[in-house]
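Here's entry_5.cif, which has mmCIF, C-alpha atoms:
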data_structure
loop_
_atom_site.label_atom_id
_atom_site.label_comp_id
_atom_site.auth_asym_id
_atom_site.auth_seq_id
_atom_site.Cartn_x
_atom_site.Cartn_y
_atom_site.Cartn_z
CA MET A 280 85.12 87.44 107.67
CA LYS A 281 86.99 90.57 108.67
CA VAL A 282 86.93 93.58 106.33
CA ARG A 283 88.86 96.87 106.37
CA ILE A 284 87.02 99.89 104.99
CA LYS A 285 88.80 103.14 104.13
CA PHE A 286 86.83 106.36 104.03
CA LYS A 287 87.06 110.14 103.81
CA LYS A 288 85.52 112.59 106.26
CA TYR A 289 85.15 116.17 105.09
CA GLY A 290 82.95 119.25 104.91
CA ALA A 291 80.31 119.76 107.60
CA MET A 292 80.86 116.22 108.90
CA LYS A 293 84.06 117.42 110.60
CA PHE A 294 81.78 118.70 113.36
CA ILE A 295 80.47 115.18 114.07
CA GLY A 296 82.20 113.49 117.02
CA HIS A 297 83.48 109.92 117.05
CA LEU A 298 80.54 108.33 118.88
CA ASP A 299 78.13 109.86 116.37
CA VAL A 300 80.34 108.67 113.51
CA MET A 301 80.20 105.15 114.91
CA ARG A 302 76.42 105.27 115.20
CA TYR A 303 76.19 106.73 111.70
CA PHE A 304 78.18 103.85 110.21
CA GLN A 305 76.11 101.27 112.07
CA LYS A 306 72.97 102.68 110.45
CA ALA A 307 74.68 103.04 107.07
CA PHE A 308 75.72 99.38 107.08
CA ARG A 309 72.13 98.37 107.76
CA ARG A 310 70.79 100.64 104.99
CA ALA A 311 73.38 99.24 102.58
CA ASP A 312 72.20 95.72 103.50
CA TYR A 313 75.60 94.62 104.80
CA ASP A 314 75.44 91.15 106.36
CA SER A 315 77.08 92.32 109.59
CA GLU A 316 78.17 89.96 112.32
CA TYR A 317 76.81 90.83 115.76
CA THR A 318 78.10 90.15 119.24
CA LYS A 319 76.39 87.46 121.28
CA GLY A 320 74.39 88.17 124.37
CA PHE A 321 71.46 90.21 125.66
CA ASN A 322 72.32 93.42 123.78
CA PRO A 323 73.98 92.42 120.46
CA HIS A 324 75.75 95.08 118.40
CA GLN A 325 77.73 95.17 115.17
CA ILE A 326 81.38 94.18 115.49
CA MET A 327 83.52 97.12 114.36
CA SER A 328 86.72 98.89 115.34
CA PHE A 329 87.90 102.31 114.20
CA ALA A 330 91.59 103.10 113.79
CA ALA A 331 92.67 106.26 115.68
CA PRO A 332 89.31 108.07 115.87
CA LEU A 333 89.47 111.57 114.40
CA GLY A 334 89.16 114.60 116.65
CA LEU A 335 86.28 117.05 116.39
CA GLY A 336 86.83 119.64 113.65
CA LEU A 337 89.41 117.59 111.76
CA THR A 338 88.94 116.26 108.22
CA SER A 339 90.62 113.26 106.63
CA ASP A 340 91.43 111.30 103.49
CA GLY A 341 92.58 108.23 105.40
CA GLU A 342 90.14 106.90 107.99
CA TYR A 343 89.69 103.18 108.62
CA VAL A 344 87.10 100.95 110.22
CA ASP A 345 87.40 97.16 110.56
CA ILE A 346 84.10 95.27 110.53
CA SER A 347 83.02 91.65 110.72
CA LEU A 348 80.67 90.26 108.06
CA ASN A 349 78.95 86.91 107.71
CA SER A 350 79.05 87.21 103.92
CA SER A 351 80.01 89.71 101.24
CA LYS A 352 79.39 90.53 97.60
CA SER A 353 82.27 91.74 95.44
CA PRO A 354 84.30 94.58 97.04
CA GLU A 355 83.28 96.88 94.18
CA ASP A 356 79.59 96.20 94.84
CA MET A 357 80.08 96.69 98.57
CA VAL A 358 81.71 100.11 98.07
CA LYS A 359 78.96 101.16 95.67
CA ALA A 360 76.22 100.02 98.06
CA ILE A 361 77.57 101.91 101.07
CA ASN A 362 78.27 105.13 99.13
CA GLU A 363 74.71 105.16 97.80
CA VAL A 364 73.39 105.56 101.36
CA MET A 365 76.11 107.93 102.65
CA SER A 366 75.49 111.62 103.33
CA GLU A 367 77.67 114.38 101.90
CA GLY A 368 80.83 114.49 103.98
CA PHE A 369 81.54 110.76 104.06
CA LEU A 370 82.93 108.73 101.16
CA VAL A 371 84.11 105.12 101.26
CA THR A 372 87.17 104.72 99.03
CA GLY A 373 88.38 101.21 99.85
CA PHE A 374 87.14 97.75 100.80
CA ARG A 375 89.49 94.89 101.58
CA ILE A 376 88.72 91.41 102.87
CA LEU A 377 91.44 90.53 105.38
CA ARG A 378 92.94 87.11 105.74
CA GLU A 379 92.02 84.87 108.63
CA PRO A 380 94.64 84.72 111.43
CA LYS A 381 96.98 81.78 111.21
CA GLU A 382 97.12 79.19 113.96
CA ASN A 383 98.58 80.69 117.15
CA GLU A 384 98.71 84.11 115.45
CA LYS A 385 97.60 86.98 117.64
CA HIS A 386 94.40 88.74 116.61
CA VAL A 387 95.08 92.40 115.76
CA THR A 388 92.89 95.44 115.19
CA ALA A 389 93.54 98.46 113.00
CA MET A 390 93.97 100.58 116.12
CA SER A 391 96.69 98.31 117.52
CA LEU A 392 98.67 98.48 114.26
CA ILE A 393 99.02 102.25 114.00
CA SER A 394 102.40 103.89 114.58
CA SER A 395 102.37 107.10 112.48
CA ALA A 396 100.07 109.52 110.70
CA ASP A 397 100.46 112.19 108.03
CA TYR A 398 98.73 115.55 108.43
CA LEU A 399 98.24 118.68 106.37
CA ILE A 400 97.81 121.71 108.63
CA SER A 401 96.65 124.96 107.03
CA LEU A 402 96.07 128.48 108.35
CA LYS A 403 92.52 129.45 107.49
CA ASP A 404 91.90 132.61 105.52
CA GLY A 405 91.03 135.58 107.71
CA TYR A 406 93.47 134.65 110.48
CA SER A 407 96.90 136.18 111.12
CA LEU A 408 100.23 135.05 112.58
CA GLY A 409 101.38 138.58 113.25
CA GLU A 410 103.43 141.08 111.27
CA GLU A 411 106.50 138.87 110.89
CA ILE A 412 104.75 135.89 109.24
CA LEU A 413 102.79 137.19 106.28
CA SER A 414 103.44 134.53 103.65
CA GLY A 415 104.17 130.87 103.15
CA LYS A 416 107.87 131.70 102.84
CA ASP A 417 107.87 133.56 106.18
CA PHE A 418 106.06 130.64 107.81
CA ARG A 419 108.54 128.10 106.43
CA GLU A 420 111.52 130.05 107.76
CA ALA A 421 109.94 130.39 111.20
CA PHE A 422 108.95 126.72 111.41
CA GLU A 423 112.33 125.44 110.18
CA LYS A 424 114.00 127.47 112.93
CA PHE A 425 111.56 125.99 115.45
CA TYR A 426 112.08 122.44 114.16
CA SER A 427 115.89 122.76 114.17
CA LYS A 428 115.93 122.66 117.97
CA SER A 429 117.26 119.50 119.61
CA GLU A 430 114.37 119.58 122.08
CA ILE A 431 110.81 120.89 121.91
CA ILE A 432 109.37 120.66 125.41
CA ILE A 433 105.63 120.93 126.02
CA ASN A 434 103.40 120.42 129.02
CA LYS A 435 101.34 117.44 127.88
CA LYS A 436 98.07 117.02 129.74
CA THR A 437 95.97 113.88 130.10
CA LYS A 438 92.70 113.25 131.91
CA THR A 439 94.55 112.32 135.10
CA SER A 440 97.92 114.11 134.97
CA GLU A 441 100.29 116.41 133.13
CA LYS A 442 104.02 116.20 132.48
CA LEU A 443 106.80 117.82 130.47
CA VAL A 444 107.47 115.92 127.23
CA ASN A 445 110.04 116.38 124.48
CA ILE A 446 107.99 116.08 121.29
CA ARG A 447 110.88 116.64 118.88
CA PRO A 448 111.56 112.87 118.38
CA MET A 449 107.85 112.34 117.67
CA ILE A 450 107.96 114.56 114.56
CA SER A 451 109.50 112.42 111.83
CA LEU A 452 108.78 114.43 108.69
CA VAL A 453 108.25 118.11 107.90
CA SER A 454 107.54 119.60 104.47
CA PHE A 455 105.76 122.63 103.07
CA ASP A 456 104.20 121.58 99.78
CA GLU A 457 102.71 118.42 98.31
CA LYS A 458 105.61 117.62 95.99
CA GLU A 459 108.19 117.96 98.76
CA HIS A 460 106.04 115.85 101.07
CA LYS A 461 105.72 113.01 98.56
CA GLU A 462 109.47 113.03 97.83
CA LYS A 463 110.38 112.80 101.52
CA LEU A 464 107.69 110.21 102.17
CA ARG A 465 109.02 107.93 99.43
CA ASP A 466 112.13 107.14 101.49
CA LYS A 467 110.08 106.24 104.55
CA LEU A 468 107.60 103.87 102.90
CA MET A 469 108.12 100.16 102.51
CA ASN A 470 108.04 99.06 98.89
CA VAL A 471 104.70 97.25 98.89
CA THR A 472 101.96 97.25 96.30
CA ARG A 473 98.33 97.72 97.18
CA PRO A 474 96.15 95.37 95.12
CA GLU A 475 94.09 97.62 92.84
CA ASN A 476 91.94 94.79 91.51
CA GLY A 477 90.99 91.27 92.46
CA GLU A 478 88.18 89.55 94.19
CA LYS A 479 89.28 90.57 97.71
CA SER A 480 89.96 94.29 97.27
CA TYR A 481 88.58 97.41 95.62
CA PHE A 482 89.83 101.02 95.83
CA LEU A 483 88.56 104.29 94.41
CA ASP A 484 91.07 106.82 93.08
CA ILE A 485 89.68 110.04 94.56
CA GLU A 486 91.39 113.43 94.94
CA SER A 487 92.11 114.78 98.41
CA MET A 488 89.23 116.45 100.22
CA ALA A 489 91.57 118.85 102.05
CA GLN A 490 90.44 122.47 102.01
CA VAL A 491 92.65 124.95 100.12
CA TYR A 492 93.29 128.45 101.44
CA ASP A 493 94.55 131.51 99.58
CA ASN A 494 97.23 132.51 102.11
CA ASP A 495 99.35 129.42 101.27
CA ILE A 496 100.48 129.03 104.89
CA LYS A 497 100.52 125.28 105.43
CA ILE A 498 102.69 122.43 106.61
CA TYR A 499 102.83 118.66 106.17
CA LEU A 500 103.74 116.75 109.33
CA GLN A 501 104.31 113.08 110.05
CA LEU A 502 103.74 112.39 113.74
CA ASP A 503 103.97 109.39 116.05
CA THR A 504 100.49 107.99 116.61
CA GLY A 505 99.51 104.99 118.66
CA SER A 506 99.59 103.52 122.14
CA VAL A 507 103.28 104.19 122.90
CA SER A 508 103.38 107.86 121.86
CA ASN A 509 100.49 109.81 120.46
CA LEU A 510 101.28 113.34 119.35
CA LYS A 511 98.38 115.47 118.18
CA PRO A 512 99.11 118.08 115.48
CA GLU A 513 97.37 120.74 117.55
CA LEU A 514 100.08 120.39 120.22
CA VAL A 515 102.81 120.96 117.63
CA MET A 516 101.19 124.13 116.32
CA GLU A 517 100.58 125.39 119.84
CA ALA A 518 104.27 124.87 120.65
CA PHE A 519 105.27 126.64 117.41
CA CYS A 520 103.08 129.64 118.23
CA LYS A 521 104.44 129.84 121.77
CA ASP A 522 108.00 129.73 120.45
CA ASN A 523 107.24 132.66 118.14
CA ASN A 524 105.28 134.71 120.70
CA ILE A 525 102.04 134.21 118.76
CA GLU A 526 98.76 133.73 120.56
CA TYR A 527 97.59 130.22 119.69
CA ASN A 528 94.06 130.04 118.31
CA SER A 529 92.84 126.51 117.70
CA PHE A 530 90.12 127.79 115.35
CA ALA A 531 92.74 129.38 113.06
CA TRP A 532 94.12 126.03 111.90
CA GLN A 533 92.47 123.37 109.76
CA VAL A 534 93.93 119.92 110.41
CA HIS A 535 93.51 117.31 107.68
CA ARG A 536 94.71 113.74 108.17
CA LEU A 537 96.19 112.25 105.01
CA GLU A 538 97.06 108.68 105.98
CA LEU A 539 97.61 106.21 108.81
CA TYR A 540 100.57 103.82 108.88
CA THR A 541 101.90 100.78 110.64
CA ARG A 542 105.63 100.05 110.89
CA ASP A 543 107.34 96.95 109.54
CA GLU A 544 109.16 95.22 112.40
CA LYS A 545 112.23 94.30 110.34
CA THR A 546 112.82 97.31 108.09
CA LYS A 547 111.14 99.90 110.38
CA LYS A 548 109.57 101.41 107.28
CA LEU A 549 105.97 102.53 107.10
CA ILE A 550 103.05 100.70 105.49
CA PRO A 551 99.64 102.34 104.90
CA LEU A 552 96.85 100.37 106.54
CA ASP A 553 95.13 99.68 103.22
CA HIS A 554 98.24 97.78 102.06
CA LEU A 555 97.91 95.22 104.85
CA ASP A 556 96.06 91.91 104.69
CA LYS A 557 95.67 91.56 108.46
#
Take the structure in the file and write it out as structure tokens.
Amino acid sequence: MKVRIKFKKYGAMKFIGHLDVMRYFQKAFRRADYDSEYTKGFNPHQIMSFAAPLGLGLTSDGEYVDISLNSSKSPEDMVKAINEVMSEGFLVTGFRILREPKENEKHVTAMSLISSADYLISLKDGYSLGEEILSGKDFREAFEKFYSKSEIIINKKTKTSEKLVNIRPMISLVSFDEKEHKEKLRDKLMNVTRPENGEKSYFLDIESMAQVYDNDIKIYLQLDTGSVSNLKPELVMEAFCKDNNIEYNSFAWQVHRLELYTRDEKTKKLIPLDHLDK
């Protein structure tokens, strides 16, 4: 059976890279006595797939890993078992048994489904954006002016090349406080209900692990994420700083991922990955 696990990554664990996170979960599943399915062959390993691995230094409320199990207890018991062996900085908040693919239906992974992601980006205390941006209000005015442009051109680099890219179409939502973000997000989400109970799903209602800073300079962004276009929030903030003649300092910003979404083919609206049964 295929299972989708949702988890939070926060605190000191933000300094753990993706390969170490993968190895950590492999050990955690064994300690929690998960009946994991292994690949066949000379060097068998647990079958798992992470959705959009998180960058080093980032925290998150909405990380996902799909795993294969030979058998499972109740989702509630499975969440309890894994959290009992987790270190501070990781917390499993959801467990959902996915349906088996129908005949002639293409097998999909969480990574292949992703189209968008929500982020909260905050300026850490002790850092400055210059004399003209001293408050959350100043920051909002500066960013709205930046975002109002028809084009935002950056030099996007990859491992093999670099090219000029207009990232403006890849930014689909901008807001500056939680209430505003939720109101704007409501119009973009497909009206689907996540099963809160039942024998195939279990979810914990846990507050966000995002860090809070006294300066109140923060922004909520929804960005294209996936194989077609993949815009990192750090590139947006770097472009904003350049546009305002501010020296960009990657250590000044804390990036916190809030959620990962797929897009409904018919309505084009967004669906969080923990609302899917595939």
Expected answer as a list in words: all residues with atoms within 10 Å of (107.3, 95.4, 107.6), only C-alpha atoms: Leu468, Met469, Asn470, Val471, Thr541, Arg542, Asp543, Glu544, Lys545, Thr546, Lys547, Lys548, Leu549, Ile550 and Leu555 of chain A
Spatial neighbours of A:Glu410, max dist 12 Å, all atoms listed in the file, sep filter under 6 positions, as a ChimeraX atom specification: /A:417-418,523-525
Counting all atoms listed in the file, the option among A:Lys285, A:Gly296, A:His460, A:Ser353 closest to A:Leu335: A:Gly296
A:Leu502 surroundings by all atoms listed in the file, 9 Å radius, close-in-sequence under 5 positions cut, as a PyMOL selection string: chain A and resi 394-398+449-452+509-512
Name the residues that the PyMOL selection byres ((chain A and resi 305) around 12) picks from the file above, as a PDB file with C-alpha atoms, in the frame of the given file, using the file's chain letters and numbers.
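Contents of the output file out-v7.pdb:
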ATOM      1  CA  LEU A 298      80.540 108.330 118.880  1.00  0.00           C
ATOM      2  CA  ASP A 299      78.130 109.860 116.370  1.00  0.00           C
ATOM      3  CA  VAL A 300      80.340 108.670 113.510  1.00  0.00           C
ATOM      4  CA  MET A 301      80.200 105.150 114.910  1.00  0.00           C
ATOM      5  CA  ARG A 302      76.420 105.270 115.200  1.00  0.00           C
ATOM      6  CA  TYR A 303      76.190 106.730 111.700  1.00  0.00           C
ATOM      7  CA  PHE A 304      78.180 103.850 110.210  1.00  0.00           C
ATOM      8  CA  LYS A 306      72.970 102.680 110.450  1.00  0.00           C
ATOM      9  CA  ALA A 307      74.680 103.040 107.070  1.00  0.00           C
ATOM     10  CA  PHE A 308      75.720  99.380 107.080  1.00  0.00           C
ATOM     11  CA  ARG A 309      72.130  98.370 107.760  1.00  0.00           C
ATOM     12  CA  ARG A 310      70.790 100.640 104.990  1.00  0.00           C
ATOM     13  CA  ALA A 311      73.380  99.240 102.580  1.00  0.00           C
ATOM     14  CA  ASP A 312      72.200  95.720 103.500  1.00  0.00           C
ATOM     15  CA  TYR A 313      75.600  94.620 104.800  1.00  0.00           C
ATOM     16  CA  ASP A 314      75.440  91.150 106.360  1.00  0.00           C
ATOM     17  CA  SER A 315      77.080  92.320 109.590  1.00  0.00           C
ATOM     18  CA  GLU A 316      78.170  89.960 112.320  1.00  0.00           C
ATOM     19  CA  TYR A 317      76.810  90.830 115.760  1.00  0.00           C
ATOM     20  CA  HIS A 324      75.750  95.080 118.400  1.00  0.00           C
ATOM     21  CA  GLN A 325      77.730  95.170 115.170  1.00  0.00           C
ATOM     22  CA  ILE A 326      81.380  94.180 115.490  1.00  0.00           C
ATOM     23  CA  MET A 327      83.520  97.120 114.360  1.00  0.00           C
ATOM     24  CA  SER A 328      86.720  98.890 115.340  1.00  0.00           C
ATOM     25  CA  VAL A 344      87.100 100.950 110.220  1.00  0.00           C
ATOM     26  CA  ILE A 346      84.100  95.270 110.530  1.00  0.00           C
ATOM     27  CA  SER A 347      83.020  91.650 110.720  1.00  0.00           C
ATOM     28  CA  ILE A 361      77.570 101.910 101.070  1.00  0.00           C
ATOM     29  CA  VAL A 364      73.390 105.560 101.360  1.00  0.00           C
ATOM     30  CA  MET A 365      76.110 107.930 102.650  1.00  0.00           C
TER      31      MET A 365
END
Distance of atom CA of A:Phe519 from atom CA of A:Phe425, expressed in Å to one decimal place: 6.6 Å
With 9 Å as the cut-off and all atoms listed in the file counted, what is the closest atom pair between each nearby residue of stretch 429-500 of chain A and stretch 374-384 of chain A? Distances in Å to one decimal, ordered by chain and number, as CSV.
residue,atom,partner,partner_atom,distance
A:Glu478,CA,A:Ile376,CA,8.9
A:Lys479,CA,A:Ile376,CA,5.3
A:Ser480,CA,A:Arg375,CA,4.4
A:Tyr481,CA,A:Phe374,CA,5.4
A:Phe482,CA,A:Phe374,CA,6.5
Written selection (C-alpha atoms) as an mmCIF file, keeping the file's coordinate frame:
data_model
loop_
_atom_site.group_PDB
_atom_site.id
_atom_site.type_symbol
_atom_site.label_atom_id
_atom_site.label_comp_id
_atom_site.auth_asym_id
_atom_site.auth_seq_id
_atom_site.Cartn_x
_atom_site.Cartn_y
_atom_site.Cartn_z
ATOM 1 C CA GLU A 478 88.180 89.550 94.190
ATOM 2 C CA LYS A 479 89.280 90.570 97.710
ATOM 3 C CA SER A 480 89.960 94.290 97.270
ATOM 4 C CA TYR A 481 88.580 97.410 95.620
ATOM 5 C CA PHE A 482 89.830 101.020 95.830
#
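Counting only C-alpha atoms and comparing A:Lys416, A:Arg473, A:Lys352, A:Lys463, the residue that lies closest to A:Leu552 is A:Arg473.
For the atom pair formed by atom CA of A:Gln501 and atom CA of A:Val453, the distance is 6.7 Å, given to one decimal.
Of the residues under consideration (A:Ser427, A:Thr472, A:Thr504, A:Asn434), A:Asn434 shows the shortest atom-to-atom contact distance to A:Lys521 when counting all atoms listed in the file.
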Edge lengths and centre, in Å to one decimal, as JSON: that's what I need for the box along x, y and z that holds all listed atoms of stretch 356-361 of chain A plus 4 Å on each side.
{"center_x": 79.0, "center_y": 99.1, "center_z": 98.0, "size_x": 13.5, "size_y": 13.7, "size_z": 14.2}
Contacts of A:Ser529 at 12 Å (all atoms listed in the file; same-chain gap of 6+ positions) as number ranges by chain: A: 335-337, 400-403, 406, 512-518, 520
Emit the selected residues as a PDB file, in the frame of the given file, including C-alpha atoms.
ATOM      1  CA  LEU A 335      86.280 117.050 116.390  1.00  0.00           C
ATOM      2  CA  GLY A 336      86.830 119.640 113.650  1.00  0.00           C
ATOM      3  CA  LEU A 337      89.410 117.590 111.760  1.00  0.00           C
ATOM      4  CA  ILE A 400      97.810 121.710 108.630  1.00  0.00           C
ATOM      5  CA  SER A 401      96.650 124.960 107.030  1.00  0.00           C
ATOM      6  CA  LEU A 402      96.070 128.480 108.350  1.00  0.00           C
ATOM      7  CA  LYS A 403      92.520 129.450 107.490  1.00  0.00           C
ATOM      8  CA  TYR A 406      93.470 134.650 110.480  1.00  0.00           C
ATOM      9  CA  PRO A 512      99.110 118.080 115.480  1.00  0.00           C
ATOM     10  CA  GLU A 513      97.370 120.740 117.550  1.00  0.00           C
ATOM     11  CA  LEU A 514     100.080 120.390 120.220  1.00  0.00           C
ATOM     12  CA  VAL A 515     102.810 120.960 117.630  1.00  0.00           C
ATOM     13  CA  MET A 516     101.190 124.130 116.320  1.00  0.00           C
ATOM     14  CA  GLU A 517     100.580 125.390 119.840  1.00  0.00           C
ATOM     15  CA  ALA A 518     104.270 124.870 120.650  1.00  0.00           C
ATOM     16  CA  CYS A 520     103.080 129.640 118.230  1.00  0.00           C
TER      17      CYS A 520
END
